[in-house]
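Trainee: Here you go, coords-v1.csv (CSV, C-alpha atoms):
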chain,number,residue,atom,x,y,z
A,266,MET,CA,80.9,-89.2,-181.9
A,267,LYS,CA,81.4,-92.3,-184.0
A,268,LEU,CA,84.5,-93.2,-186.0
A,269,LEU,CA,83.1,-92.0,-189.4
A,270,GLU,CA,82.1,-88.7,-187.8
A,271,ILE,CA,85.6,-88.2,-186.3
A,272,LEU,CA,87.1,-89.0,-189.7
A,273,ASN,CA,85.0,-86.4,-191.5
A,274,PHE,CA,85.6,-83.8,-188.7
A,275,SER,CA,89.4,-84.4,-188.8
A,276,LYS,CA,89.5,-84.1,-192.6
A,277,GLU,CA,87.5,-80.8,-192.6
A,278,TYR,CA,89.6,-79.5,-189.8
A,279,LEU,CA,92.9,-80.1,-191.7
A,280,GLN,CA,91.3,-78.9,-194.9
A,281,LYS,CA,90.6,-75.5,-193.2
A,282,TYR,CA,94.3,-75.2,-192.5
A,283,SER,CA,95.2,-75.9,-196.2
A,284,PHE,CA,96.6,-79.4,-195.8
A,285,SER,CA,97.1,-80.9,-199.3
A,286,LYS,CA,95.9,-84.3,-198.3
A,287,PRO,CA,93.6,-83.8,-195.3
A,288,ARG,CA,91.8,-87.2,-195.5
A,289,LEU,CA,95.0,-89.1,-195.7
A,290,GLU,CA,96.5,-87.2,-192.8
A,291,SER,CA,93.4,-87.7,-190.7
A,292,GLU,CA,93.4,-91.4,-191.5
A,293,LYS,CA,97.0,-91.7,-190.4
A,294,LEU,CA,96.3,-89.9,-187.1
A,295,ILE,CA,93.2,-91.8,-186.2
A,296,SER,CA,94.6,-95.2,-187.2
A,297,ALA,CA,97.6,-94.5,-184.9
A,298,VAL,CA,95.5,-93.5,-182.0
A,299,LEU,CA,93.1,-96.4,-182.3
A,300,LYS,CA,95.9,-98.8,-183.3
A,301,ILE,CA,93.9,-100.0,-186.3
A,302,GLU,CA,95.4,-100.5,-189.8
A,303,ARG,CA,94.4,-97.4,-191.9
A,304,ILE,CA,92.9,-99.6,-194.6
A,305,ALA,CA,90.5,-101.1,-191.9
A,306,LEU,CA,89.2,-97.9,-190.5
A,307,TYR,CA,86.1,-97.7,-192.7
A,308,ALA,CA,85.1,-101.3,-191.7
A,309,TYR,CA,84.4,-99.9,-188.2
A,310,PHE,CA,82.7,-96.7,-189.2
A,311,ASP,CA,80.0,-97.2,-186.6
A,312,MET,CA,82.4,-97.7,-183.7
A,313,GLU,CA,82.0,-95.4,-180.7
A,314,LEU,CA,85.3,-93.8,-179.6
A,315,THR,CA,86.1,-93.3,-175.9
A,316,PRO,CA,86.5,-89.8,-174.6
A,317,GLU,CA,90.2,-90.4,-174.2
A,318,GLN,CA,90.6,-91.4,-177.8
A,319,LYS,CA,88.6,-88.3,-179.0
A,320,ASP,CA,90.7,-86.0,-176.8
A,321,THR,CA,93.9,-87.5,-178.1
A,322,ILE,CA,92.8,-87.1,-181.8
A,323,LYS,CA,91.8,-83.4,-181.2
A,324,ARG,CA,95.1,-82.7,-179.4
A,325,TYR,CA,97.2,-84.0,-182.4
A,326,LEU,CA,95.0,-82.1,-184.8
A,327,ARG,CA,95.7,-78.9,-183.1
A,328,GLU,CA,99.4,-79.6,-183.0
A,329,MET,CA,99.5,-80.5,-186.7
A,330,ALA,CA,97.6,-77.3,-187.5
A,331,ARG,CA,99.9,-75.1,-185.4
A,332,ALA,CA,103.1,-76.7,-186.8
A,333,ARG,CA,101.7,-77.0,-190.4
A,334,LYS,CA,103.1,-80.6,-190.4
A,335,GLY,CA,101.7,-83.9,-191.5
A,336,PHE,CA,101.2,-86.6,-188.8
A,337,ASP,CA,104.2,-88.6,-189.7
A,338,GLU,CA,106.5,-85.6,-189.6
A,339,LEU,CA,105.0,-84.3,-186.3
A,340,ILE,CA,105.5,-87.7,-184.6
A,341,LYS,CA,109.1,-87.9,-185.9
A,342,ASP,CA,109.9,-84.4,-184.7
A,343,LYS,CA,108.3,-85.0,-181.3
A,344,GLY,CA,109.8,-88.5,-180.8
A,345,GLU,CA,107.8,-91.7,-180.3
A,346,GLU,CA,107.8,-91.2,-176.5
A,347,SER,CA,105.2,-88.4,-177.1
A,348,MET,CA,102.7,-91.1,-178.2
A,349,ASP,CA,102.5,-94.7,-177.2
A,350,MET,CA,102.8,-96.4,-180.6
A,351,LYS,CA,103.2,-99.9,-179.2
A,352,ASN,CA,100.6,-102.4,-180.1
A,353,TYR,CA,99.5,-104.3,-177.0
A,354,ARG,CA,97.3,-106.8,-179.0
A,355,ASP,CA,99.3,-109.9,-178.2
A,356,GLU,CA,99.6,-109.0,-174.5
A,357,ASN,CA,96.0,-108.2,-174.1
A,358,TYR,CA,94.8,-111.3,-176.0
A,359,GLU,CA,96.8,-113.4,-173.7
A,360,LEU,CA,95.1,-111.7,-170.7
A,361,LEU,CA,91.7,-112.3,-172.3
A,362,LYS,CA,92.6,-116.0,-172.9
A,363,LYS,CA,93.7,-116.5,-169.3
A,364,SER,CA,90.6,-114.8,-168.0
A,365,ILE,CA,88.4,-117.2,-170.0
A,366,GLN,CA,90.4,-120.1,-168.6
A,367,TYR,CA,89.9,-118.8,-165.1
A,368,LEU,CA,86.1,-118.7,-165.4
A,369,GLU,CA,86.1,-122.1,-167.1
A,370,LYS,CA,88.1,-123.6,-164.1
A,371,TYR,CA,85.1,-122.6,-161.9
A,372,GLN,CA,82.6,-124.0,-164.5
A,373,VAL,CA,81.0,-120.7,-165.2
A,374,PRO,CA,78.6,-121.1,-168.2
A,375,ASN,CA,79.4,-119.0,-171.3
A,376,ALA,CA,82.8,-118.0,-169.8
A,377,LYS,CA,84.0,-116.3,-173.0
A,378,LEU,CA,80.9,-114.1,-173.2
A,379,ASP,CA,81.2,-113.2,-169.6
A,380,VAL,CA,84.8,-112.2,-170.0
A,381,GLU,CA,84.0,-110.0,-172.9
A,382,TYR,CA,81.3,-108.2,-170.9
A,383,ILE,CA,83.8,-107.7,-168.0
A,384,PHE,CA,86.6,-106.4,-170.2
A,385,SER,CA,84.1,-104.1,-172.1
A,386,HIS,CA,82.7,-102.8,-168.9
A,387,ILE,CA,86.0,-101.9,-167.3
A,388,LEU,CA,87.5,-100.5,-170.5
A,389,LYS,CA,84.3,-98.6,-171.2
A,390,VAL,CA,83.9,-99.8,-174.8
A,391,ASN,CA,81.2,-101.5,-176.7
A,392,ARG,CA,81.5,-105.3,-176.5
A,393,MET,CA,81.1,-105.6,-180.3
A,394,THR,CA,84.3,-103.5,-180.8
A,395,LEU,CA,86.2,-104.9,-177.8
A,396,THR,CA,88.8,-106.6,-180.1
A,397,LEU,CA,89.7,-103.3,-181.7
A,398,ASN,CA,90.4,-101.8,-178.3
A,399,LEU,CA,92.7,-104.6,-177.3
A,400,ASN,CA,95.4,-103.0,-179.4
A,401,LYS,CA,96.0,-100.3,-176.7
A,402,LYS,CA,97.5,-100.5,-173.3
A,403,ILE,CA,95.3,-101.7,-170.4
A,404,GLU,CA,96.3,-99.7,-167.4
A,405,ASP,CA,97.3,-101.5,-164.2
A,406,SER,CA,94.3,-100.0,-162.3
A,407,ASP,CA,92.0,-101.5,-165.0
A,408,LYS,CA,93.7,-104.9,-164.8
A,409,GLN,CA,93.1,-104.9,-161.1
A,410,LYS,CA,89.4,-104.1,-161.6
A,411,ILE,CA,89.2,-106.9,-164.2
A,412,LYS,CA,90.8,-109.3,-161.8
A,413,GLU,CA,88.4,-108.4,-159.0
A,414,MET,CA,85.4,-108.9,-161.2
A,415,LEU,CA,86.8,-112.3,-162.5
A,416,VAL,CA,87.2,-113.5,-158.9
A,417,ALA,CA,83.6,-112.4,-158.0
A,418,ARG,CA,82.2,-114.1,-161.1
A,419,GLY,CA,84.3,-117.3,-160.9
A,420,LYS,CA,85.2,-118.1,-157.3
A,421,GLU,CA,82.3,-116.4,-155.7
A,422,ARG,CA,79.8,-117.1,-158.6
A,423,LYS,CA,78.2,-113.6,-158.4
A,424,PRO,CA,75.9,-113.1,-161.4
A,425,LEU,CA,77.5,-111.1,-164.2
A,426,GLN,CA,74.5,-108.8,-164.3
A,427,TYR,CA,75.0,-107.8,-160.7
A,428,LEU,CA,78.7,-107.2,-161.3
A,429,LEU,CA,77.9,-104.9,-164.2
A,430,GLY,CA,75.1,-103.3,-162.3
A,431,GLU,CA,72.9,-103.0,-165.4
A,432,TRP,CA,71.3,-105.4,-167.9
A,433,GLU,CA,69.3,-105.0,-171.1
A,434,PHE,CA,65.7,-106.1,-171.3
A,435,TYR,CA,63.7,-105.6,-174.5
A,436,GLY,CA,66.3,-103.2,-175.7
A,437,TYR,CA,66.1,-101.0,-172.7
A,438,PRO,CA,68.7,-100.6,-169.9
A,439,PHE,CA,67.8,-101.7,-166.4
A,440,LYS,CA,69.8,-101.2,-163.2
A,441,VAL,CA,70.0,-104.5,-161.3
A,442,ASP,CA,71.4,-105.5,-157.9
A,443,GLU,CA,70.6,-108.1,-155.2
A,444,ARG,CA,67.3,-106.4,-154.3
A,445,VAL,CA,65.7,-107.6,-157.6
A,446,LEU,CA,65.6,-110.5,-159.9
A,447,ILE,CA,67.7,-110.3,-163.1
A,448,PRO,CA,65.4,-109.7,-166.1
A,449,ARG,CA,65.3,-112.8,-168.3
A,450,ALA,CA,64.8,-113.0,-172.1
A,451,ASP,CA,61.8,-115.4,-171.7
A,452,THR,CA,59.9,-112.6,-169.9
A,453,GLU,CA,60.2,-110.5,-173.1
A,454,ILE,CA,57.6,-113.0,-174.5
A,455,LEU,CA,55.2,-112.0,-171.8
A,456,VAL,CA,55.7,-108.3,-172.6
A,457,GLU,CA,55.3,-108.9,-176.4
A,458,GLN,CA,52.0,-110.8,-175.8
A,459,CYS,CA,50.6,-108.1,-173.5
A,460,LYS,CA,51.4,-105.4,-176.0
A,461,TYR,CA,49.1,-107.1,-178.5
A,462,LEU,CA,46.3,-107.5,-176.0
A,463,VAL,CA,45.9,-103.8,-175.4
A,464,ASN,CA,47.5,-102.2,-178.4
A,465,ASP,CA,44.2,-101.0,-179.9
A,466,LEU,CA,42.9,-99.4,-176.7
A,467,PRO,CA,43.3,-95.6,-176.6
A,468,THR,CA,44.5,-95.4,-173.0
A,469,PRO,CA,44.9,-98.9,-171.5
A,470,LYS,CA,45.3,-99.3,-167.8
A,471,ILE,CA,47.8,-102.0,-166.8
A,472,LEU,CA,48.7,-103.5,-163.5
A,473,ASP,CA,52.0,-105.4,-162.9
A,474,ILE,CA,52.0,-107.5,-159.7
A,475,GLY,CA,55.4,-108.2,-158.2
A,476,THR,CA,57.1,-105.7,-160.4
A,477,GLY,CA,60.7,-106.2,-159.1
A,478,SER,CA,63.1,-104.2,-161.2
A,479,GLY,CA,60.2,-102.7,-163.1
A,480,ALA,CA,61.3,-104.4,-166.3
A,481,ILE,CA,57.8,-105.4,-167.4
A,482,ALA,CA,56.0,-102.3,-166.3
A,483,ILE,CA,58.6,-99.9,-167.7
A,484,THR,CA,59.0,-101.7,-171.0
A,485,LEU,CA,55.2,-101.6,-171.6
A,486,GLY,CA,55.3,-97.9,-170.6
A,487,LYS,CA,57.8,-97.2,-173.3
A,488,GLU,CA,56.2,-99.4,-175.9
A,489,LEU,CA,52.6,-98.1,-175.1
A,490,ALA,CA,53.0,-94.4,-174.7
A,491,ASN,CA,49.3,-93.8,-174.0
A,492,ALA,CA,49.0,-96.5,-171.4
A,493,HIS,CA,48.8,-95.9,-167.6
A,494,ILE,CA,50.8,-98.5,-165.7
A,495,LEU,CA,51.0,-99.3,-162.0
A,496,GLY,CA,53.6,-101.7,-160.6
A,497,LEU,CA,53.1,-103.3,-157.2
A,498,ASP,CA,55.7,-105.0,-155.0
A,499,ILE,CA,55.9,-105.8,-151.3
A,500,SER,CA,59.7,-105.1,-151.2
A,501,GLU,CA,60.8,-101.5,-150.6
A,502,GLY,CA,64.2,-102.4,-152.0
A,503,ALA,CA,62.7,-103.6,-155.3
A,504,LEU,CA,60.5,-100.5,-155.5
A,505,ALA,CA,63.6,-98.3,-155.1
A,506,VAL,CA,65.3,-100.1,-158.0
A,507,ALA,CA,62.1,-99.9,-160.1
A,508,THR,CA,61.8,-96.2,-159.5
A,509,GLU,CA,65.4,-95.7,-160.5
A,510,ASN,CA,64.8,-97.6,-163.7
A,511,ARG,CA,61.7,-95.7,-164.5
A,512,ASP,CA,63.7,-92.5,-164.3
A,513,LEU,CA,66.6,-94.0,-166.3
A,514,ASN,CA,64.2,-94.8,-169.1
A,515,GLY,CA,62.0,-91.8,-168.9
A,516,ALA,CA,58.8,-93.8,-168.5
A,517,GLN,CA,56.7,-91.2,-166.8
A,518,ASN,CA,53.4,-93.1,-167.5
A,519,VAL,CA,54.5,-95.7,-164.9
A,520,LYS,CA,53.9,-95.5,-161.2
A,521,PHE,CA,54.9,-97.9,-158.3
A,522,LEU,CA,53.3,-98.6,-155.0
A,523,LYS,CA,54.1,-100.9,-152.1
A,524,SER,CA,51.5,-103.7,-151.9
A,525,ASP,CA,51.1,-107.3,-150.9
A,526,VAL,CA,49.4,-108.5,-154.1
A,527,PHE,CA,46.2,-106.4,-154.4
A,528,SER,CA,46.1,-105.1,-150.8
A,529,VAL,CA,46.8,-101.4,-151.6
A,530,LEU,CA,44.0,-101.3,-154.2
A,531,ARG,CA,41.4,-102.0,-151.5
A,532,ASN,CA,42.1,-98.6,-150.0
A,533,GLU,CA,39.3,-96.1,-150.5
A,534,LYS,CA,41.5,-94.1,-152.9
A,535,TYR,CA,41.6,-96.8,-155.5
A,536,LYS,CA,38.2,-98.4,-155.0
A,537,ASN,CA,36.9,-97.4,-158.5
A,538,VAL,CA,40.1,-98.2,-160.4
A,539,LYS,CA,39.8,-100.9,-163.0
A,540,PHE,CA,42.5,-102.3,-165.2
A,541,ASN,CA,42.3,-103.6,-168.8
A,542,LEU,CA,45.2,-106.0,-168.1
A,543,ILE,CA,46.8,-107.5,-165.1
A,544,ILE,CA,50.2,-109.1,-165.5
A,545,SER,CA,52.3,-111.1,-163.1
A,546,ASN,CA,55.6,-113.0,-163.1
A,547,PRO,CA,55.2,-114.2,-159.5
A,548,PRO,CA,57.6,-116.4,-157.4
A,549,TYR,CA,56.8,-119.8,-158.9
A,550,ILE,CA,59.7,-122.1,-158.1
A,551,PRO,CA,58.7,-124.9,-155.7
A,552,THR,CA,60.8,-125.2,-152.5
A,553,ASP,CA,62.4,-128.5,-153.5
A,554,GLU,CA,63.5,-127.2,-156.9
A,555,TYR,CA,64.7,-123.9,-155.3
A,556,ARG,CA,67.3,-125.8,-153.3
A,557,GLU,CA,68.8,-127.2,-156.5
A,558,LEU,CA,69.2,-123.9,-158.4
A,559,MET,CA,72.6,-122.7,-159.7
A,560,PRO,CA,74.8,-121.0,-157.1
A,561,GLU,CA,74.4,-117.6,-158.9
A,562,VAL,CA,70.7,-117.7,-158.3
A,563,LEU,CA,70.7,-119.4,-154.9
A,564,LYS,CA,73.4,-117.2,-153.3
A,565,TYR,CA,72.5,-113.8,-154.8
A,566,GLU,CA,69.0,-113.4,-156.2
A,567,PRO,CA,66.2,-112.5,-153.7
A,568,GLN,CA,64.5,-115.7,-152.4
A,569,ASN,CA,61.1,-114.2,-152.0
A,570,ALA,CA,61.0,-113.2,-155.7
A,571,LEU,CA,61.8,-116.8,-156.7
A,572,THR,CA,59.8,-119.1,-154.6
A,573,ASP,CA,56.5,-118.9,-152.7
A,574,GLY,CA,58.0,-121.3,-150.0
A,575,GLY,CA,55.5,-124.0,-151.1
A,576,ASN,CA,54.5,-125.8,-154.3
A,577,GLY,CA,55.0,-122.8,-156.6
A,578,TYR,CA,51.2,-122.1,-157.2
A,579,PHE,CA,50.3,-119.9,-154.3
A,580,PHE,CA,50.3,-116.6,-156.2
A,581,TYR,CA,48.7,-118.0,-159.3
A,582,GLU,CA,45.8,-119.3,-157.3
A,583,LYS,CA,45.4,-116.1,-155.2
A,584,ILE,CA,45.7,-113.7,-158.2
A,585,SER,CA,43.3,-115.8,-160.3
A,586,LYS,CA,40.7,-115.7,-157.5
A,587,GLU,CA,41.0,-111.9,-156.9
A,588,ALA,CA,41.8,-110.4,-160.3
A,589,SER,CA,38.3,-110.0,-161.6
A,590,GLU,CA,37.6,-107.5,-158.8
A,591,PHE,CA,40.1,-105.2,-160.4
A,592,LEU,CA,39.5,-105.8,-164.1
A,593,THR,CA,37.2,-104.2,-166.6
A,594,LYS,CA,34.5,-106.6,-167.8
A,595,ASP,CA,36.5,-107.6,-170.8
A,596,GLY,CA,39.9,-107.4,-169.1
A,597,TYR,CA,42.9,-109.8,-169.4
A,598,LEU,CA,45.0,-111.7,-167.0
A,599,ALA,CA,48.5,-112.8,-168.1
A,600,PHE,CA,51.0,-114.9,-166.3
A,601,GLU,CA,54.6,-116.1,-166.8
A,602,VAL,CA,54.8,-119.7,-165.6
A,603,GLY,CA,57.4,-122.3,-164.7
A,604,TYR,CA,58.4,-125.1,-167.2
A,605,ASN,CA,55.6,-127.5,-166.1
A,606,GLN,CA,53.0,-125.2,-164.7
A,607,ALA,CA,51.0,-123.9,-167.6
A,608,GLU,CA,48.1,-126.4,-167.5
A,609,LYS,CA,47.5,-126.1,-163.8
A,610,VAL,CA,47.7,-122.3,-163.9
A,611,ALA,CA,45.2,-122.4,-166.8
A,612,GLU,CA,42.9,-124.6,-164.6
A,613,TYR,CA,43.0,-122.0,-161.8
A,614,MET,CA,42.1,-119.3,-164.2
A,615,ARG,CA,39.2,-121.3,-165.7
A,616,LYS,CA,37.8,-122.0,-162.2
A,617,ASN,CA,37.9,-118.2,-161.5
A,618,SER,CA,35.9,-116.9,-164.4
A,619,PHE,CA,38.6,-116.6,-167.1
A,620,ASP,CA,38.6,-118.1,-170.5
A,621,VAL,CA,42.1,-119.2,-171.3
A,622,ILE,CA,42.7,-117.7,-174.8
A,623,SER,CA,46.4,-118.5,-175.2
A,624,ILE,CA,49.4,-120.6,-173.9
A,625,VAL,CA,52.6,-119.3,-175.5
A,626,LYS,CA,55.9,-121.1,-175.7
A,627,ASP,CA,59.3,-119.6,-174.9
A,628,TYR,CA,62.4,-119.7,-177.1
A,629,GLY,CA,63.1,-123.2,-175.8
A,630,GLY,CA,59.7,-124.5,-176.8
A,631,ILE,CA,58.4,-124.6,-173.1
A,632,ASP,CA,54.9,-123.3,-172.3
A,633,ARG,CA,55.9,-120.0,-170.6
A,634,VAL,CA,52.9,-117.5,-170.8
A,635,VAL,CA,49.3,-118.2,-170.0
A,636,ILE,CA,46.7,-115.6,-171.0
A,637,GLY,CA,43.0,-115.4,-169.9
A,638,LYS,CA,40.1,-113.1,-170.6
A,639,ARG,CA,37.6,-112.3,-168.0
A,640,ARG,CA,34.4,-114.3,-168.5
A,641,GLU,CA,31.1,-112.6,-168.0
A,642,GLU,CA,29.0,-114.9,-165.8
A,643,ASN,CA,25.3,-115.3,-166.7
Here is the file; what I need is its structure written in the form of structure tokens.
Mentor:
Amino acid sequence: MKLLEILNFSKEYLQKYSFSKPRLESEKLISAVLKIERIALYAYFDMELTPEQKDTIKRYLREMARARKGFDELIKDKGEESMDMKNYRDENYELLKKSIQYLEKYQVPNAKLDVEYIFSHILKVNRMTLTLNLNKKIEDSDKQKIKEMLVARGKERKPLQYLLGEWEFYGYPFKVDERVLIPRADTEILVEQCKYLVNDLPTPKILDIGTGSGAIAITLGKELANAHILGLDISEGALAVATENRDLNGAQNVKFLKSDVFSVLRNEKYKNVKFNLIISNPPYIPTDEYRELMPEVLKYEPQNALTDGGNGYFFYEKISKEASEFLTKDGYLAFEVGYNQAEKVAEYMRKNSFDVISIVKDYGGIDRVVIGKRREEN
């Protein structure tokens, strides 16, 4: 329940027991529990309360109803020791400040944002309402968990996403660990473009090569309810994560298979299967550039999902050569590419019977997505 719902519930509950000012009493109670000024309550009407906060409010409502006493009177009779009325704001803000300084010491990018995510994760609150929850006591056990995550993020440079165990992509939650790449915002552009390509088809068939966490396949499955989507990956670990994410998001129109690029589709079982769209965000970082990556990426993200061990073009060339075999006659091929790879990838596609219909820039103005349409040869 959200704050406004709790306020209304509390008012109606006290009204049922004939309190003369039920709204006022409910506001006093809730502001005390949340440690928010009563006048500010309605500014945070959409705030999600923790189970602990909701249980505390309900407990005090029952005590007020049984004793037929207003909140102030009840607290006075019980004594302040019955409810921790101390405001821990200054203490917790100091902890937040020192946490940011700790990550900055280790040159972690966006240290403040990472600290907010860590605190919100441990305290089980929405990051947007974190400051409100800093008014209450942080238990020693939670402080220890925060410290451990800060050390992992700062000293060990473990990616924030792996520490949290989940990350958002295109508005959907995805489990992530060291078996899969962390979904990036730039890949959302690839998803968006692919939606447009097949949106008018009644039941589009889509193939995602190198599916990893399943972010692309599952997102398209959610956005295109009538689509049939197959994600392929050579890594069993990645497929296990992708399957978990499919179930997490309820994308029942998505399936995953183990395959080295197209190999599984050459089995007799799939010989007549054709796709309207083939997508791939393959390993494209050249070996020399891979060695220079940030420690978060170099130490933790799976190497075989980042680099092809060569010049970064192996999979673009292979997929471009073989894709027509698995596409409908008017099918599409869409790639995510590295910062300087678009033109060469487009060249591979043109050489292999594709008309390049679009090169799309990412949020930083870099050519990031290359889209081709299968060309019918005379």
Trainee: Restricting the calculation to only C-alpha atoms, which member of A:Tyr549, A:Tyr565, A:Tyr367, A:Tyr309 is positioned closest to Gln606 in chain A?
Mentor: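 Smallest separation from Gln606 in chain A among the options: A:Tyr549.
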Trainee: For CA of Val390 in chain A and CA of Ala297 in chain A, quote the distance in Å rounded to one decimal.
Mentor: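 Interatomic distance here is 17.8 Å.
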Trainee: Please compute the CA of Met559 in chain A-CA of Thr476 in chain A distance, one decimal, in Å.
Mentor: 23.0 Å
Trainee: Using all atoms listed in the file for the distances, tell me which of A:Glu601, A:Glu590, A:Glu582, A:Glu433 is nearest to Asp473 in chain A.
Mentor: A:Glu601
Trainee: Have a look at A:Met393, A:Val519, A:Ile454, A:Ile584 and name the one nearest to Gly475 in chain A; count all atoms listed in the file.
Mentor: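 Among the listed residues, the smallest separation from Gly475 in chain A belongs to A:Ile584.
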Trainee: To one decimal place, how far is CA of Asn518 in chain A from CA of His493 in chain A in Å?
Mentor: 5.4 Å
Trainee: List as a PyMOL selection string the protein and nucleic acid residues near Ala507 in chain A, meaning an atom at most 12 Å away when only C-alpha atoms are counted, but skip any in the same chain fewer than 6 places from it.
Mentor: chain A and resi 438-442+444-446+448+473+475-484+495-498+500-501+513-516+519-523
Trainee: From the list A:Asn605, A:Asn398, A:Asn375, A:Asn391, which residue is nearest Lys626 in chain A when using all atoms listed in the file?
Mentor: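 With all atoms listed in the file as the atom set, the closest residue is A:Asn605.
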Trainee: List every protein, DNA or RNA residue that has at least one atom no more than 7 Å from (46.4, -116.9, -166.6) in the file's coordinates, counting only C-alpha atoms, and write the result as a PyMOL selection string.
Mentor: chain A and resi 598-600+610-611+614+621+635-637
Trainee: Excluding range 327-330 of chain A and any residue of its chain fewer than 6 positions from it, enumerate the residues within 12 Å of it, using all atoms listed in the file, and give them as a list in words.
Mentor: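 Answer for this query is Ser275, Lys276, Glu277, Tyr278, Leu279, Gln280, Lys281, Tyr282, Ser283, Phe284, Pro287, Glu290, Ser291, Leu294, Asp320, Thr321, Phe336, Asp337, Glu338, Leu339, Ile340, Asp342 and Lys343 of chain A.
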Trainee: When distances are computed from all atoms listed in the file, which of A:Ala503, A:Lys363, A:Glu313, A:Arg303 shows the smallest separation from Glu270 in chain A?
Mentor: A:Glu313
Trainee: Can you tell me which residues surround range 531-540 of chain A at a distance of at most 8 Å, considering all atoms listed in the file, apart from same-chain residues fewer than 6 positions away, and format the answer as an MDAnalysis selection string?
Mentor: chainID A and resid 469:472 591:593 596
Trainee: Please identify all polymer residues lying at most 12 Å from the point (60.3, -130.6, -155.9) (file coordinates), using all atoms listed in the file, and present the result as number ranges by chain.
Mentor: A: 549-558, 572, 574-577, 605
Trainee: Restricting the calculation to only C-alpha atoms: of A:Ser406, A:Leu395, A:Val602, A:Val625, which residue gets closest to Glu457 in chain A?
Mentor: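 Distance minimum relative to Glu457 in chain A lands on A:Val625.
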